[in-house]
Structure formats: structure tokens, C-alpha cells
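Chemist: So that you have it, the file is upload.pdb, and it contains PDB, C-alpha atoms, pLDDT in the B column:
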```pdb
ATOM      1  CA  MET H   1      15.388 -20.468   3.427  1.00 56.00           C
ATOM      2  CA  LEU H   2      15.417 -19.593   7.117  1.00 61.00           C
ATOM      3  CA  VAL H   3      12.083 -18.230   8.276  1.00 71.00           C
ATOM      4  CA  MET H   4      11.440 -16.611  11.653  1.00 80.00           C
ATOM      5  CA  GLU H   5       8.772 -18.111  13.833  1.00 87.00           C
ATOM      6  CA  ASN H   6       6.266 -15.622  15.176  1.00 91.00           C
ATOM      7  CA  ARG H   7       3.262 -15.321  17.496  1.00 92.00           C
ATOM      8  CA  LEU H   8       1.190 -13.246  15.129  1.00 94.00           C
ATOM      9  CA  ARG H   9      -1.725 -15.666  14.867  1.00 93.00           C
ATOM     10  CA  VAL H  10      -2.011 -15.986  18.663  1.00 94.00           C
ATOM     11  CA  LEU H  11      -1.749 -12.240  19.259  1.00 95.00           C
ATOM     12  CA  ARG H  12      -4.331 -11.592  16.592  1.00 94.00           C
ATOM     13  CA  ALA H  13      -6.706 -14.221  17.987  1.00 93.00           C
ATOM     14  CA  GLU H  14      -6.384 -12.746  21.491  1.00 93.00           C
ATOM     15  CA  ARG H  15      -7.759  -9.480  20.123  1.00 94.00           C
ATOM     16  CA  ASN H  16     -10.381 -11.179  17.976  1.00 94.00           C
ATOM     17  CA  TRP H  17      -8.944  -9.625  14.845  1.00 95.00           C
ATOM     18  CA  SER H  18      -9.251 -11.219  11.453  1.00 94.00           C
ATOM     19  CA  GLN H  19      -6.278 -11.199   9.074  1.00 94.00           C
ATOM     20  CA  GLY H  20      -8.079  -8.419   7.216  1.00 93.00           C
ATOM     21  CA  ASP H  21      -8.413  -6.351  10.425  1.00 94.00           C
ATOM     22  CA  LEU H  22      -4.716  -6.681  11.137  1.00 95.00           C
ATOM     23  CA  ALA H  23      -3.822  -5.918   7.520  1.00 95.00           C
ATOM     24  CA  GLU H  24      -5.913  -2.761   7.667  1.00 93.00           C
ATOM     25  CA  ARG H  25      -4.223  -1.619  10.878  1.00 95.00           C
ATOM     26  CA  LEU H  26      -0.787  -2.271   9.405  1.00 95.00           C
ATOM     27  CA  GLU H  27      -1.712  -0.771   6.014  1.00 92.00           C
ATOM     28  CA  VAL H  28      -0.606  -3.882   4.146  1.00 93.00           C
ATOM     29  CA  SER H  29      -2.504  -6.482   2.130  1.00 91.00           C
ATOM     30  CA  ARG H  30      -4.227  -9.420   3.805  1.00 92.00           C
ATOM     31  CA  GLN H  31      -1.927 -11.598   1.694  1.00 91.00           C
ATOM     32  CA  SER H  32       1.048 -10.086   3.525  1.00 93.00           C
ATOM     33  CA  VAL H  33      -0.398 -10.877   6.947  1.00 95.00           C
ATOM     34  CA  ASN H  34      -1.190 -14.418   5.847  1.00 93.00           C
ATOM     35  CA  ALA H  35       2.318 -14.905   4.423  1.00 93.00           C
ATOM     36  CA  ILE H  36       3.946 -13.663   7.644  1.00 94.00           C
ATOM     37  CA  GLU H  37       1.660 -15.734   9.868  1.00 93.00           C
ATOM     38  CA  THR H  38       2.247 -18.922   7.927  1.00 91.00           C
ATOM     39  CA  GLY H  39       5.997 -18.371   7.854  1.00 88.00           C
ATOM     40  CA  LYS H  40       6.206 -17.913   4.111  1.00 90.00           C
ATOM     41  CA  TYR H  41       7.617 -14.424   4.392  1.00 92.00           C
ATOM     42  CA  ASP H  42       9.806 -12.606   6.894  1.00 93.00           C
ATOM     43  CA  PRO H  43       8.821  -8.936   7.222  1.00 95.00           C
ATOM     44  CA  SER H  44      11.385  -6.180   6.906  1.00 95.00           C
ATOM     45  CA  LEU H  45      12.670  -4.665  10.128  1.00 94.00           C
ATOM     46  CA  PRO H  46      10.451  -1.541   9.807  1.00 95.00           C
ATOM     47  CA  LEU H  47       7.332  -3.690   9.298  1.00 96.00           C
ATOM     48  CA  ALA H  48       8.336  -6.015  12.130  1.00 95.00           C
ATOM     49  CA  PHE H  49       8.644  -2.974  14.405  1.00 96.00           C
ATOM     50  CA  ARG H  50       5.251  -1.715  13.226  1.00 96.00           C
ATOM     51  CA  ILE H  51       3.697  -5.084  14.060  1.00 96.00           C
ATOM     52  CA  ALA H  52       5.311  -5.188  17.510  1.00 96.00           C
ATOM     53  CA  GLU H  53       4.277  -1.604  18.258  1.00 96.00           C
ATOM     54  CA  LEU H  54       0.699  -2.320  17.193  1.00 96.00           C
ATOM     55  CA  PHE H  55       0.507  -5.071  19.810  1.00 96.00           C
ATOM     56  CA  GLY H  56       2.372  -2.939  22.346  1.00 95.00           C
ATOM     57  CA  LEU H  57       5.136  -5.500  22.612  1.00 95.00           C
ATOM     58  CA  ALA H  58       8.875  -5.652  22.053  1.00 95.00           C
ATOM     59  CA  ILE H  59       9.889  -7.094  18.697  1.00 93.00           C
ATOM     60  CA  GLU H  60      11.333 -10.251  20.287  1.00 91.00           C
ATOM     61  CA  GLN H  61       7.991 -10.898  21.994  1.00 92.00           C
ATOM     62  CA  VAL H  62       6.385 -11.228  18.579  1.00 94.00           C
ATOM     63  CA  PHE H  63       9.185 -12.751  16.504  1.00 93.00           C
ATOM     64  CA  VAL H  64      11.466 -15.558  17.612  1.00 88.00           C
ATOM     65  CA  SER H  65      15.125 -15.144  16.780  1.00 82.00           C
ATOM     66  CA  PRO H  66      16.112 -17.954  14.364  1.00 78.00           C
ATOM     67  CA  SER H  67      19.170 -18.706  16.485  1.00 78.00           C
ATOM     68  CA  ARG H  68      16.950 -19.240  19.547  1.00 74.00           C
ATOM     69  CA  ALA H  69      14.166 -21.175  17.836  1.00 69.00           C
ATOM     70  CA  GLU H  70      13.857 -24.826  18.860  1.00 62.00           C
TER
ATOM     71  CA  MET B   1      -7.176  -9.882  -3.754  1.00 51.00           C
ATOM     72  CA  PRO B   2      -8.041  -6.178  -3.627  1.00 62.00           C
ATOM     73  CA  TRP B   3      -5.684  -4.066  -5.730  1.00 81.00           C
ATOM     74  CA  THR B   4      -3.332  -1.713  -3.938  1.00 85.00           C
ATOM     75  CA  PRO B   5      -3.462   1.990  -4.967  1.00 89.00           C
ATOM     76  CA  ALA B   6      -0.100   1.583  -6.752  1.00 92.00           C
ATOM     77  CA  ALA B   7      -1.414  -1.448  -8.661  1.00 92.00           C
ATOM     78  CA  LYS B   8      -4.476   0.549  -9.746  1.00 93.00           C
ATOM     79  CA  ARG B   9      -2.263   3.376 -11.009  1.00 95.00           C
ATOM     80  CA  TYR B  10      -0.099   0.861 -12.862  1.00 95.00           C
ATOM     81  CA  ASN B  11      -3.178  -0.653 -14.455  1.00 95.00           C
ATOM     82  CA  VAL B  12      -4.381   2.742 -15.728  1.00 97.00           C
ATOM     83  CA  ARG B  13      -0.928   3.457 -17.194  1.00 97.00           C
ATOM     84  CA  LEU B  14      -0.819  -0.010 -18.764  1.00 96.00           C
ATOM     85  CA  ILE B  15      -4.206   0.465 -20.446  1.00 97.00           C
ATOM     86  CA  LEU B  16      -3.315   3.932 -21.768  1.00 98.00           C
ATOM     87  CA  LEU B  17       0.075   2.804 -23.080  1.00 97.00           C
ATOM     88  CA  SER B  18      -1.470  -0.300 -24.682  1.00 96.00           C
ATOM     89  CA  LEU B  19      -4.031   1.867 -26.477  1.00 97.00           C
ATOM     90  CA  LEU B  20      -1.242   4.173 -27.615  1.00 97.00           C
ATOM     91  CA  TYR B  21       0.745   1.157 -28.839  1.00 96.00           C
ATOM     92  CA  GLY B  22      -2.227  -0.030 -30.889  1.00 96.00           C
ATOM     93  CA  ALA B  23      -2.721   3.419 -32.411  1.00 97.00           C
ATOM     94  CA  PHE B  24       0.986   3.861 -33.243  1.00 97.00           C
ATOM     95  CA  LEU B  25       1.217   0.368 -34.726  1.00 96.00           C
ATOM     96  CA  VAL B  26      -1.767   0.959 -37.019  1.00 97.00           C
ATOM     97  CA  LEU B  27      -0.318   4.341 -37.999  1.00 96.00           C
ATOM     98  CA  ALA B  28       3.112   2.890 -38.774  1.00 96.00           C
ATOM     99  CA  VAL B  29       1.785  -0.091 -40.732  1.00 96.00           C
ATOM    100  CA  TYR B  30      -0.543   2.178 -42.724  1.00 96.00           C
ATOM    101  CA  GLY B  31       2.256   4.676 -43.411  1.00 95.00           C
ATOM    102  CA  PHE B  32       4.676   2.047 -44.678  1.00 95.00           C
ATOM    103  CA  ARG B  33       2.100   0.036 -46.638  1.00 95.00           C
ATOM    104  CA  HIS B  34       1.011   3.120 -48.519  1.00 94.00           C
ATOM    105  CA  HIS B  35       4.546   4.454 -48.946  1.00 92.00           C
ATOM    106  CA  LEU B  36       3.685   7.655 -47.103  1.00 93.00           C
ATOM    107  CA  VAL B  37       6.957   7.869 -45.186  1.00 91.00           C
ATOM    108  CA  ALA B  38      10.562   8.000 -46.301  1.00 91.00           C
ATOM    109  CA  GLY B  39      13.941   9.190 -45.115  1.00 92.00           C
ATOM    110  CA  ALA B  40      14.227  10.419 -41.531  1.00 92.00           C
ATOM    111  CA  ALA B  41      10.430  10.288 -41.070  1.00 93.00           C
ATOM    112  CA  ALA B  42      10.498   6.557 -41.847  1.00 95.00           C
ATOM    113  CA  TRP B  43      12.906   5.998 -38.943  1.00 96.00           C
ATOM    114  CA  ILE B  44      10.694   7.959 -36.566  1.00 95.00           C
ATOM    115  CA  VAL B  45       7.480   6.227 -37.669  1.00 95.00           C
ATOM    116  CA  ALA B  46       9.147   2.789 -37.475  1.00 96.00           C
ATOM    117  CA  ILE B  47      10.247   3.430 -33.897  1.00 96.00           C
ATOM    118  CA  LEU B  48       6.895   4.915 -32.858  1.00 96.00           C
ATOM    119  CA  PRO B  49       5.208   1.583 -31.835  1.00 95.00           C
ATOM    120  CA  ALA B  50       8.229   0.716 -29.690  1.00 95.00           C
ATOM    121  CA  LEU B  51       7.890   3.838 -27.545  1.00 97.00           C
ATOM    122  CA  PRO B  52       4.680   2.837 -25.658  1.00 97.00           C
ATOM    123  CA  LEU B  53       6.215  -0.602 -25.029  1.00 95.00           C
ATOM    124  CA  ILE B  54       9.257   1.086 -23.509  1.00 96.00           C
ATOM    125  CA  GLY B  55       6.747   3.140 -21.531  1.00 97.00           C
ATOM    126  CA  ILE B  56       5.209  -0.078 -20.210  1.00 95.00           C
ATOM    127  CA  PHE B  57       8.623  -1.228 -18.949  1.00 94.00           C
ATOM    128  CA  ALA B  58       9.028   2.145 -17.255  1.00 96.00           C
ATOM    129  CA  ALA B  59       5.507   1.839 -15.779  1.00 97.00           C
ATOM    130  CA  MET B  60       6.476  -1.544 -14.321  1.00 95.00           C
ATOM    131  CA  GLY B  61       9.571  -0.036 -12.778  1.00 95.00           C
ATOM    132  CA  ARG B  62       7.513   2.814 -11.384  1.00 96.00           C
ATOM    133  CA  TYR B  63       4.994   0.375  -9.950  1.00 95.00           C
ATOM    134  CA  LEU B  64       7.814  -1.461  -8.227  1.00 94.00           C
ATOM    135  CA  VAL B  65       8.955   1.818  -6.661  1.00 95.00           C
ATOM    136  CA  GLU B  66       5.448   3.017  -5.740  1.00 95.00           C
ATOM    137  CA  GLU B  67       4.155  -0.254  -4.287  1.00 94.00           C
ATOM    138  CA  GLN B  68       4.069   0.237  -0.519  1.00 92.00           C
ATOM    139  CA  ASP B  69       3.248  -3.368   0.339  1.00 94.00           C
ATOM    140  CA  GLU B  70       6.628  -5.055   0.683  1.00 95.00           C
ATOM    141  CA  TYR B  71       5.262  -8.586   0.294  1.00 94.00           C
ATOM    142  CA  ILE B  72       3.536  -7.713  -2.992  1.00 93.00           C
ATOM    143  CA  ARG B  73       6.774  -6.032  -4.075  1.00 94.00           C
ATOM    144  CA  MET B  74       8.693  -9.223  -3.301  1.00 94.00           C
ATOM    145  CA  LEU B  75       6.190 -11.253  -5.364  1.00 94.00           C
ATOM    146  CA  LEU B  76       6.650  -8.824  -8.248  1.00 94.00           C
ATOM    147  CA  VAL B  77      10.432  -9.026  -8.109  1.00 95.00           C
ATOM    148  CA  ARG B  78      10.314 -12.833  -8.087  1.00 95.00           C
ATOM    149  CA  GLN B  79       7.923 -12.750 -11.044  1.00 95.00           C
ATOM    150  CA  MET B  80      10.196 -10.408 -12.989  1.00 95.00           C
ATOM    151  CA  LEU B  81      13.264 -12.530 -12.230  1.00 96.00           C
ATOM    152  CA  TRP B  82      11.482 -15.575 -13.641  1.00 96.00           C
ATOM    153  CA  ALA B  83      10.490 -13.549 -16.706  1.00 96.00           C
ATOM    154  CA  MET B  84      14.065 -12.367 -17.204  1.00 96.00           C
ATOM    155  CA  GLY B  85      15.545 -15.849 -16.780  1.00 97.00           C
ATOM    156  CA  PHE B  86      13.000 -17.401 -19.118  1.00 97.00           C
ATOM    157  CA  THR B  87      13.404 -14.735 -21.805  1.00 97.00           C
ATOM    158  CA  MET B  88      17.184 -14.755 -21.748  1.00 96.00           C
ATOM    159  CA  SER B  89      17.285 -18.551 -21.822  1.00 97.00           C
ATOM    160  CA  CYS B  90      14.917 -18.677 -24.811  1.00 96.00           C
ATOM    161  CA  ALA B  91      16.865 -15.937 -26.622  1.00 95.00           C
ATOM    162  CA  THR B  92      20.181 -17.723 -26.015  1.00 96.00           C
ATOM    163  CA  VAL B  93      18.924 -21.130 -27.182  1.00 97.00           C
ATOM    164  CA  TRP B  94      17.173 -19.628 -30.223  1.00 95.00           C
ATOM    165  CA  GLY B  95      20.265 -17.551 -31.051  1.00 94.00           C
ATOM    166  CA  PHE B  96      22.450 -20.664 -31.282  1.00 96.00           C
ATOM    167  CA  LEU B  97      19.831 -22.654 -33.211  1.00 96.00           C
ATOM    168  CA  ASP B  98      19.500 -19.717 -35.607  1.00 95.00           C
ATOM    169  CA  ASN B  99      23.279 -19.406 -35.866  1.00 95.00           C
ATOM    170  CA  PHE B 100      23.653 -23.034 -36.921  1.00 96.00           C
ATOM    171  CA  GLY B 101      20.833 -22.709 -39.435  1.00 95.00           C
ATOM    172  CA  LEU B 102      18.436 -25.036 -37.629  1.00 96.00           C
ATOM    173  CA  VAL B 103      15.623 -22.537 -37.157  1.00 95.00           C
ATOM    174  CA  GLY B 104      14.450 -19.436 -38.962  1.00 93.00           C
ATOM    175  CA  HIS B 105      15.168 -15.881 -37.932  1.00 91.00           C
ATOM    176  CA  VAL B 106      12.638 -14.279 -35.581  1.00 91.00           C
ATOM    177  CA  ASP B 107      11.927 -10.544 -35.294  1.00 91.00           C
ATOM    178  CA  GLY B 108      13.516  -9.064 -32.187  1.00 89.00           C
ATOM    179  CA  TYR B 109      10.349  -7.561 -30.776  1.00 89.00           C
ATOM    180  CA  TRP B 110       8.994 -11.026 -30.009  1.00 92.00           C
ATOM    181  CA  ILE B 111      11.293 -10.919 -27.007  1.00 93.00           C
ATOM    182  CA  VAL B 112       8.697  -8.636 -25.367  1.00 92.00           C
ATOM    183  CA  ALA B 113       5.967 -11.238 -25.838  1.00 93.00           C
ATOM    184  CA  LEU B 114       8.291 -13.876 -24.381  1.00 95.00           C
ATOM    185  CA  TRP B 115       8.977 -11.648 -21.396  1.00 94.00           C
ATOM    186  CA  TYR B 116       5.260 -11.272 -20.733  1.00 93.00           C
ATOM    187  CA  PHE B 117       4.859 -15.027 -20.996  1.00 95.00           C
ATOM    188  CA  GLY B 118       7.759 -15.358 -18.551  1.00 96.00           C
ATOM    189  CA  GLN B 119       5.892 -13.117 -16.136  1.00 94.00           C
ATOM    190  CA  GLY B 120       2.989 -15.531 -16.353  1.00 94.00           C
ATOM    191  CA  ILE B 121       5.362 -18.375 -15.465  1.00 95.00           C
ATOM    192  CA  GLY B 122       6.654 -16.312 -12.536  1.00 95.00           C
ATOM    193  CA  ALA B 123       3.098 -15.712 -11.339  1.00 93.00           C
ATOM    194  CA  CYS B 124       2.397 -19.461 -11.512  1.00 94.00           C
ATOM    195  CA  VAL B 125       5.584 -20.206  -9.550  1.00 94.00           C
ATOM    196  CA  ASN B 126       4.547 -17.656  -6.913  1.00 93.00           C
ATOM    197  CA  ARG B 127       1.137 -19.261  -6.738  1.00 91.00           C
ATOM    198  CA  ALA B 128       2.610 -22.769  -6.464  1.00 91.00           C
ATOM    199  CA  THR B 129       5.300 -21.974  -3.897  1.00 89.00           C
ATOM    200  CA  LEU B 130       3.753 -19.163  -1.859  1.00 86.00           C
ATOM    201  CA  GLY B 131       0.073 -19.528  -2.684  1.00 81.00           C
ATOM    202  CA  ALA B 132      -0.077 -15.901  -3.788  1.00 73.00           C
ATOM    203  CA  ARG B 133       0.463 -13.750  -6.828  1.00 69.00           C
ATOM    204  CA  ALA B 134       1.015 -10.075  -7.533  1.00 67.00           C
ATOM    205  CA  VAL B 135      -1.406  -8.247  -9.805  1.00 59.00           C
ATOM    206  CA  CYS B 136       1.213  -7.220 -12.370  1.00 51.00           C
ATOM    207  CA  SER B 137       0.793 -10.303 -14.557  1.00 45.00           C
TER
END
```
Would you give me this structure, written as C-alpha cells?
Modeler:
Amino acid sequence: MLVMENRLRVLRAERNWSQGDLAERLEVSRQSVNAIETGKYDPSLPLAFRIAELFGLAIEQVFVSPSRAE
Amino acid sequence: MPWTPAAKRYNVRLILLSLLYGAFLVLAVYGFRHHLVAGAAAWIVAILPALPLIGIFAAMGRYLVEEQDEYIRMLLVRQMLWAMGFTMSCATVWGFLDNFGLVGHVDGYWIVALWYFGQGIGACVNRATLGARAVCS
């Protein structure tokens, strides 16, 4: 299964947010945040947009396109 | 993990339907044991315990629709797929064994118990592969 790499953990750490804080802001479970961060789950496009918008970034600044990943 | 609002609603429905199942089952068994029902009424009373179980399947479907957390929803779907695969495999194997006279006949409603057991297997697989499980198990 192809999983997108992402910068969620770094972005979260920069803001001093716990996984629970981020989950609360996104209105998802902490499990979801953990699964996305650890690459066990790729979010849907709407959730990926919500995550990017929360950090004030473009979606490709948070998630790495699988075709461009090293 | 904390339960999502949809999971809480599902749990309430599950408890109510389970209580209803218990009540209907006792009613049906009592009615038939004491020869209180016959004719068309017998058909209705015999089907009565099945209705809350059908309601539980519907409640699961509703939970799947109402759950807003897409990751939890994915866990649930995986769990249900495991349950379906397990149940259908067991039913197929048992059907052939039964057909060739190697095992005894089993009442059809046991398929529901198998399906629940299959959900447990699905939850374990989720736990083993993703380190997480949905609450619907």
C-alpha cells in the first residue's frame, strides 16, 4: 500500500501542539492524527485540505506527492 | 480511546435492541413452550426475536453513515469485511460438511454469533496491523 509522506509531526511540534490538540482542532480522533502522522493512513482530500488550511499552508507543503517522494 | 458521538449513539441503540431481543426471545420461548400461539400468530411470534437483531444490523449501518471520523470509519469497514469473510467461509465449509453427512445440522441464526466473532477477529487484525481498533466490536 502506497502511503503519502507528510510533515504533520514537524508542523505540530513547531506549534507545541500535542496529537490531542491537533485532533481537537481538526475535529477528529487522536487515533486519526496518530495514524496519519505515522503513515498508517492517508487522509481523504477534504481532510488533507483541512489540515493544510489549519497550518496556513498549501496541501503540497504538508503532504509529499508519492511520485515525488524519495 | 474516547468514544465519538456517533459511537455513543450506536451503543445506546445496541443496548436497547439487545434488551428488546432478550424480552422477545423470552416471550417467544414461553409462548411456544406453553402452546399459547398457533397459526399466523405463531409465525409472528417466531420471527419476533429476529427483528431486534435485524435492528442491530441496521444500527451498525447507521453508525457507519453517522461516524464523522473517517479513520474510525475505515477501521469499522475493515472489521466488517473480516467478519463477512470469516462468516461466509465458515458457512460454506460447514454447508459442504453438512451436505456430505460429516457434521450435524446447525440452526441458521448461529450465523449472527459467527459474524460477531468475526468482528472480534477484525478488531484484532486492526489492532495488530494498525495498532488501533474501532469501538463497534
Chemist: What is the distance between CA of Leu27 (chain B) and CA of Arg13 (chain B), in Å to one decimal?
Modeler: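 CA of Arg13 (chain B) lies at a distance of 20.8 Å from CA of Leu27 (chain B).
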Chemist: Quick one: apply the ChimeraX specification (/H :<7) & /B to the file and drop the selected residues here as a list of chain:residue names.
Modeler: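 Given this file, the ChimeraX specification (/H :<7) & /B evaluates to B:Asp69, B:Tyr71, B:Leu130.
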Chemist: Would you list the contacts of Leu8 (chain H) as an MDAnalysis selection string, taking every protein, DNA or RNA residue within 10 Å and counting all atoms listed in the file, but skipping same-chain residues closer than 6 positions in sequence?
Modeler: chainID H and resid 14 19 22 33:34 36:38 51:52 55 61:63
Chemist: To one decimal place in Å, what is the distance between CA of Met74 (chain B) and CA of Arg9 (chain B)?
Modeler: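 So the two atoms, CA of Met74 (chain B) and CA of Arg9 (chain B), lie 18.4 Å apart.
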Chemist: Quick one: residues within 10 Å of region 76-92 of chain B, only C-alpha atoms counted, chain neighbours fewer than 5 positions away excluded, as a PDB file with C-alpha atoms, keeping the file's coordinate frame?
Modeler:
```pdb
ATOM      1  CA  MET B  60       6.476  -1.544 -14.321  1.00 95.00           C
ATOM      2  CA  TYR B  63       4.994   0.375  -9.950  1.00 95.00           C
ATOM      3  CA  LEU B  64       7.814  -1.461  -8.227  1.00 94.00           C
ATOM      4  CA  GLU B  67       4.155  -0.254  -4.287  1.00 94.00           C
ATOM      5  CA  GLU B  70       6.628  -5.055   0.683  1.00 95.00           C
ATOM      6  CA  TYR B  71       5.262  -8.586   0.294  1.00 94.00           C
ATOM      7  CA  LEU B  97      19.831 -22.654 -33.211  1.00 96.00           C
ATOM      8  CA  ASP B  98      19.500 -19.717 -35.607  1.00 95.00           C
ATOM      9  CA  GLY B 108      13.516  -9.064 -32.187  1.00 89.00           C
ATOM     10  CA  TRP B 110       8.994 -11.026 -30.009  1.00 92.00           C
ATOM     11  CA  ILE B 111      11.293 -10.919 -27.007  1.00 93.00           C
ATOM     12  CA  VAL B 112       8.697  -8.636 -25.367  1.00 92.00           C
ATOM     13  CA  ALA B 113       5.967 -11.238 -25.838  1.00 93.00           C
ATOM     14  CA  LEU B 114       8.291 -13.876 -24.381  1.00 95.00           C
ATOM     15  CA  TRP B 115       8.977 -11.648 -21.396  1.00 94.00           C
ATOM     16  CA  TYR B 116       5.260 -11.272 -20.733  1.00 93.00           C
ATOM     17  CA  PHE B 117       4.859 -15.027 -20.996  1.00 95.00           C
ATOM     18  CA  GLY B 118       7.759 -15.358 -18.551  1.00 96.00           C
ATOM     19  CA  GLN B 119       5.892 -13.117 -16.136  1.00 94.00           C
ATOM     20  CA  GLY B 120       2.989 -15.531 -16.353  1.00 94.00           C
ATOM     21  CA  ILE B 121       5.362 -18.375 -15.465  1.00 95.00           C
ATOM     22  CA  GLY B 122       6.654 -16.312 -12.536  1.00 95.00           C
ATOM     23  CA  ALA B 123       3.098 -15.712 -11.339  1.00 93.00           C
ATOM     24  CA  CYS B 124       2.397 -19.461 -11.512  1.00 94.00           C
ATOM     25  CA  VAL B 125       5.584 -20.206  -9.550  1.00 94.00           C
ATOM     26  CA  ASN B 126       4.547 -17.656  -6.913  1.00 93.00           C
ATOM     27  CA  ARG B 133       0.463 -13.750  -6.828  1.00 69.00           C
ATOM     28  CA  ALA B 134       1.015 -10.075  -7.533  1.00 67.00           C
ATOM     29  CA  VAL B 135      -1.406  -8.247  -9.805  1.00 59.00           C
ATOM     30  CA  CYS B 136       1.213  -7.220 -12.370  1.00 51.00           C
ATOM     31  CA  SER B 137       0.793 -10.303 -14.557  1.00 45.00           C
TER      32      SER B 137
END
```
Chemist: One number please: CA of Asn6 (chain H) to CA of Leu54 (chain H), in Å, one decimal.
Modeler: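 Atom-to-atom, CA of Asn6 (chain H) and CA of Leu54 (chain H) are spaced 14.6 Å apart.
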Chemist: Quick check on the file I pasted: which residues fall under the PyMOL selection byres ((chain B and resi 34-49) around 6)? Write them as a ChimeraX atom specification.
Modeler: /B:21,24-25,28,31-33,50-51
Chemist: Given the file shown, enumerate the residues that the PyMOL selection byres ((chain H and resi 65) around 12) captures and present them as a PDB file with C-alpha atoms, in the frame of the given file.
Modeler:
```pdb
ATOM      1  CA  LEU H   2      15.417 -19.593   7.117  1.00 61.00           C
ATOM      2  CA  VAL H   3      12.083 -18.230   8.276  1.00 71.00           C
ATOM      3  CA  MET H   4      11.440 -16.611  11.653  1.00 80.00           C
ATOM      4  CA  GLU H   5       8.772 -18.111  13.833  1.00 87.00           C
ATOM      5  CA  ASN H   6       6.266 -15.622  15.176  1.00 91.00           C
ATOM      6  CA  ARG H   7       3.262 -15.321  17.496  1.00 92.00           C
ATOM      7  CA  ASP H  42       9.806 -12.606   6.894  1.00 93.00           C
ATOM      8  CA  ILE H  59       9.889  -7.094  18.697  1.00 93.00           C
ATOM      9  CA  GLU H  60      11.333 -10.251  20.287  1.00 91.00           C
ATOM     10  CA  GLN H  61       7.991 -10.898  21.994  1.00 92.00           C
ATOM     11  CA  VAL H  62       6.385 -11.228  18.579  1.00 94.00           C
ATOM     12  CA  PHE H  63       9.185 -12.751  16.504  1.00 93.00           C
ATOM     13  CA  VAL H  64      11.466 -15.558  17.612  1.00 88.00           C
ATOM     14  CA  PRO H  66      16.112 -17.954  14.364  1.00 78.00           C
ATOM     15  CA  SER H  67      19.170 -18.706  16.485  1.00 78.00           C
ATOM     16  CA  ARG H  68      16.950 -19.240  19.547  1.00 74.00           C
ATOM     17  CA  ALA H  69      14.166 -21.175  17.836  1.00 69.00           C
ATOM     18  CA  GLU H  70      13.857 -24.826  18.860  1.00 62.00           C
TER      19      GLU H  70
END
```
Chemist: Write a file for region 100-119 of chain B, containing N, CA and C atoms (output as a PDB file, in the first residue's frame).
Modeler:
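The result, written out as selection.pdb:
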```pdb
ATOM      1  N   PHE B 100     -22.345 -33.585   3.074  1.00  0.00           N
ATOM      2  CA  PHE B 100     -21.778 -34.927   2.938  1.00  0.00           C
ATOM      3  C   PHE B 100     -21.939 -35.751   4.215  1.00  0.00           C
ATOM      4  N   GLY B 101     -22.768 -35.258   5.113  1.00  0.00           N
ATOM      5  CA  GLY B 101     -23.123 -36.019   6.311  1.00  0.00           C
ATOM      6  C   GLY B 101     -22.009 -36.156   7.333  1.00  0.00           C
ATOM      7  N   LEU B 102     -21.035 -35.255   7.295  1.00  0.00           N
ATOM      8  CA  LEU B 102     -19.910 -35.377   8.232  1.00  0.00           C
ATOM      9  C   LEU B 102     -20.145 -34.615   9.534  1.00  0.00           C
ATOM     10  N   VAL B 103     -21.009 -33.643   9.488  1.00  0.00           N
ATOM     11  CA  VAL B 103     -21.336 -32.885  10.711  1.00  0.00           C
ATOM     12  C   VAL B 103     -22.860 -32.752  10.808  1.00  0.00           C
ATOM     13  N   GLY B 104     -23.309 -32.379  11.979  1.00  0.00           N
ATOM     14  CA  GLY B 104     -24.743 -32.216  12.193  1.00  0.00           C
ATOM     15  C   GLY B 104     -25.249 -30.887  11.658  1.00  0.00           C
ATOM     16  N   HIS B 105     -26.555 -30.777  11.555  1.00  0.00           N
ATOM     17  CA  HIS B 105     -27.143 -29.532  11.079  1.00  0.00           C
ATOM     18  C   HIS B 105     -27.129 -28.495  12.206  1.00  0.00           C
ATOM     19  N   VAL B 106     -26.854 -27.250  11.826  1.00  0.00           N
ATOM     20  CA  VAL B 106     -26.808 -26.163  12.820  1.00  0.00           C
ATOM     21  C   VAL B 106     -27.880 -25.138  12.475  1.00  0.00           C
ATOM     22  N   ASP B 107     -28.575 -24.628  13.498  1.00  0.00           N
ATOM     23  CA  ASP B 107     -29.602 -23.608  13.272  1.00  0.00           C
ATOM     24  C   ASP B 107     -29.000 -22.365  12.617  1.00  0.00           C
ATOM     25  N   GLY B 108     -29.738 -21.831  11.655  1.00  0.00           N
ATOM     26  CA  GLY B 108     -29.242 -20.714  10.849  1.00  0.00           C
ATOM     27  C   GLY B 108     -28.873 -19.473  11.620  1.00  0.00           C
ATOM     28  N   TYR B 109     -29.554 -19.237  12.747  1.00  0.00           N
ATOM     29  CA  TYR B 109     -29.281 -17.981  13.459  1.00  0.00           C
ATOM     30  C   TYR B 109     -27.895 -17.930  14.099  1.00  0.00           C
ATOM     31  N   TRP B 110     -27.221 -19.074  14.146  1.00  0.00           N
ATOM     32  CA  TRP B 110     -25.857 -19.059  14.702  1.00  0.00           C
ATOM     33  C   TRP B 110     -24.900 -18.256  13.830  1.00  0.00           C
ATOM     34  N   ILE B 111     -25.335 -18.008  12.606  1.00  0.00           N
ATOM     35  CA  ILE B 111     -24.524 -17.213  11.682  1.00  0.00           C
ATOM     36  C   ILE B 111     -24.284 -15.813  12.266  1.00  0.00           C
ATOM     37  N   VAL B 112     -25.270 -15.316  13.029  1.00  0.00           N
ATOM     38  CA  VAL B 112     -25.138 -13.988  13.648  1.00  0.00           C
ATOM     39  C   VAL B 112     -24.015 -14.009  14.688  1.00  0.00           C
ATOM     40  N   ALA B 113     -24.004 -15.072  15.487  1.00  0.00           N
ATOM     41  CA  ALA B 113     -22.951 -15.200  16.510  1.00  0.00           C
ATOM     42  C   ALA B 113     -21.578 -15.276  15.843  1.00  0.00           C
ATOM     43  N   LEU B 114     -21.522 -16.034  14.730  1.00  0.00           N
ATOM     44  CA  LEU B 114     -20.261 -16.150  13.993  1.00  0.00           C
ATOM     45  C   LEU B 114     -19.802 -14.795  13.480  1.00  0.00           C
ATOM     46  N   TRP B 115     -20.779 -14.021  12.997  1.00  0.00           N
ATOM     47  CA  TRP B 115     -20.468 -12.701  12.442  1.00  0.00           C
ATOM     48  C   TRP B 115     -19.895 -11.785  13.527  1.00  0.00           C
ATOM     49  N   TYR B 116     -20.471 -11.867  14.713  1.00  0.00           N
ATOM     50  CA  TYR B 116     -19.945 -11.070  15.828  1.00  0.00           C
ATOM     51  C   TYR B 116     -18.522 -11.514  16.180  1.00  0.00           C
ATOM     52  N   PHE B 117     -18.326 -12.825  16.163  1.00  0.00           N
ATOM     53  CA  PHE B 117     -16.985 -13.348  16.439  1.00  0.00           C
ATOM     54  C   PHE B 117     -16.014 -12.847  15.362  1.00  0.00           C
ATOM     55  N   GLY B 118     -16.495 -12.831  14.126  1.00  0.00           N
ATOM     56  CA  GLY B 118     -15.684 -12.334  13.008  1.00  0.00           C
ATOM     57  C   GLY B 118     -15.306 -10.873  13.194  1.00  0.00           C
ATOM     58  N   GLN B 119     -16.219 -10.113  13.777  1.00  0.00           N
ATOM     59  CA  GLN B 119     -15.914  -8.705  14.067  1.00  0.00           C
ATOM     60  C   GLN B 119     -14.776  -8.606  15.075  1.00  0.00           C
TER      61      GLN B 119
END
```
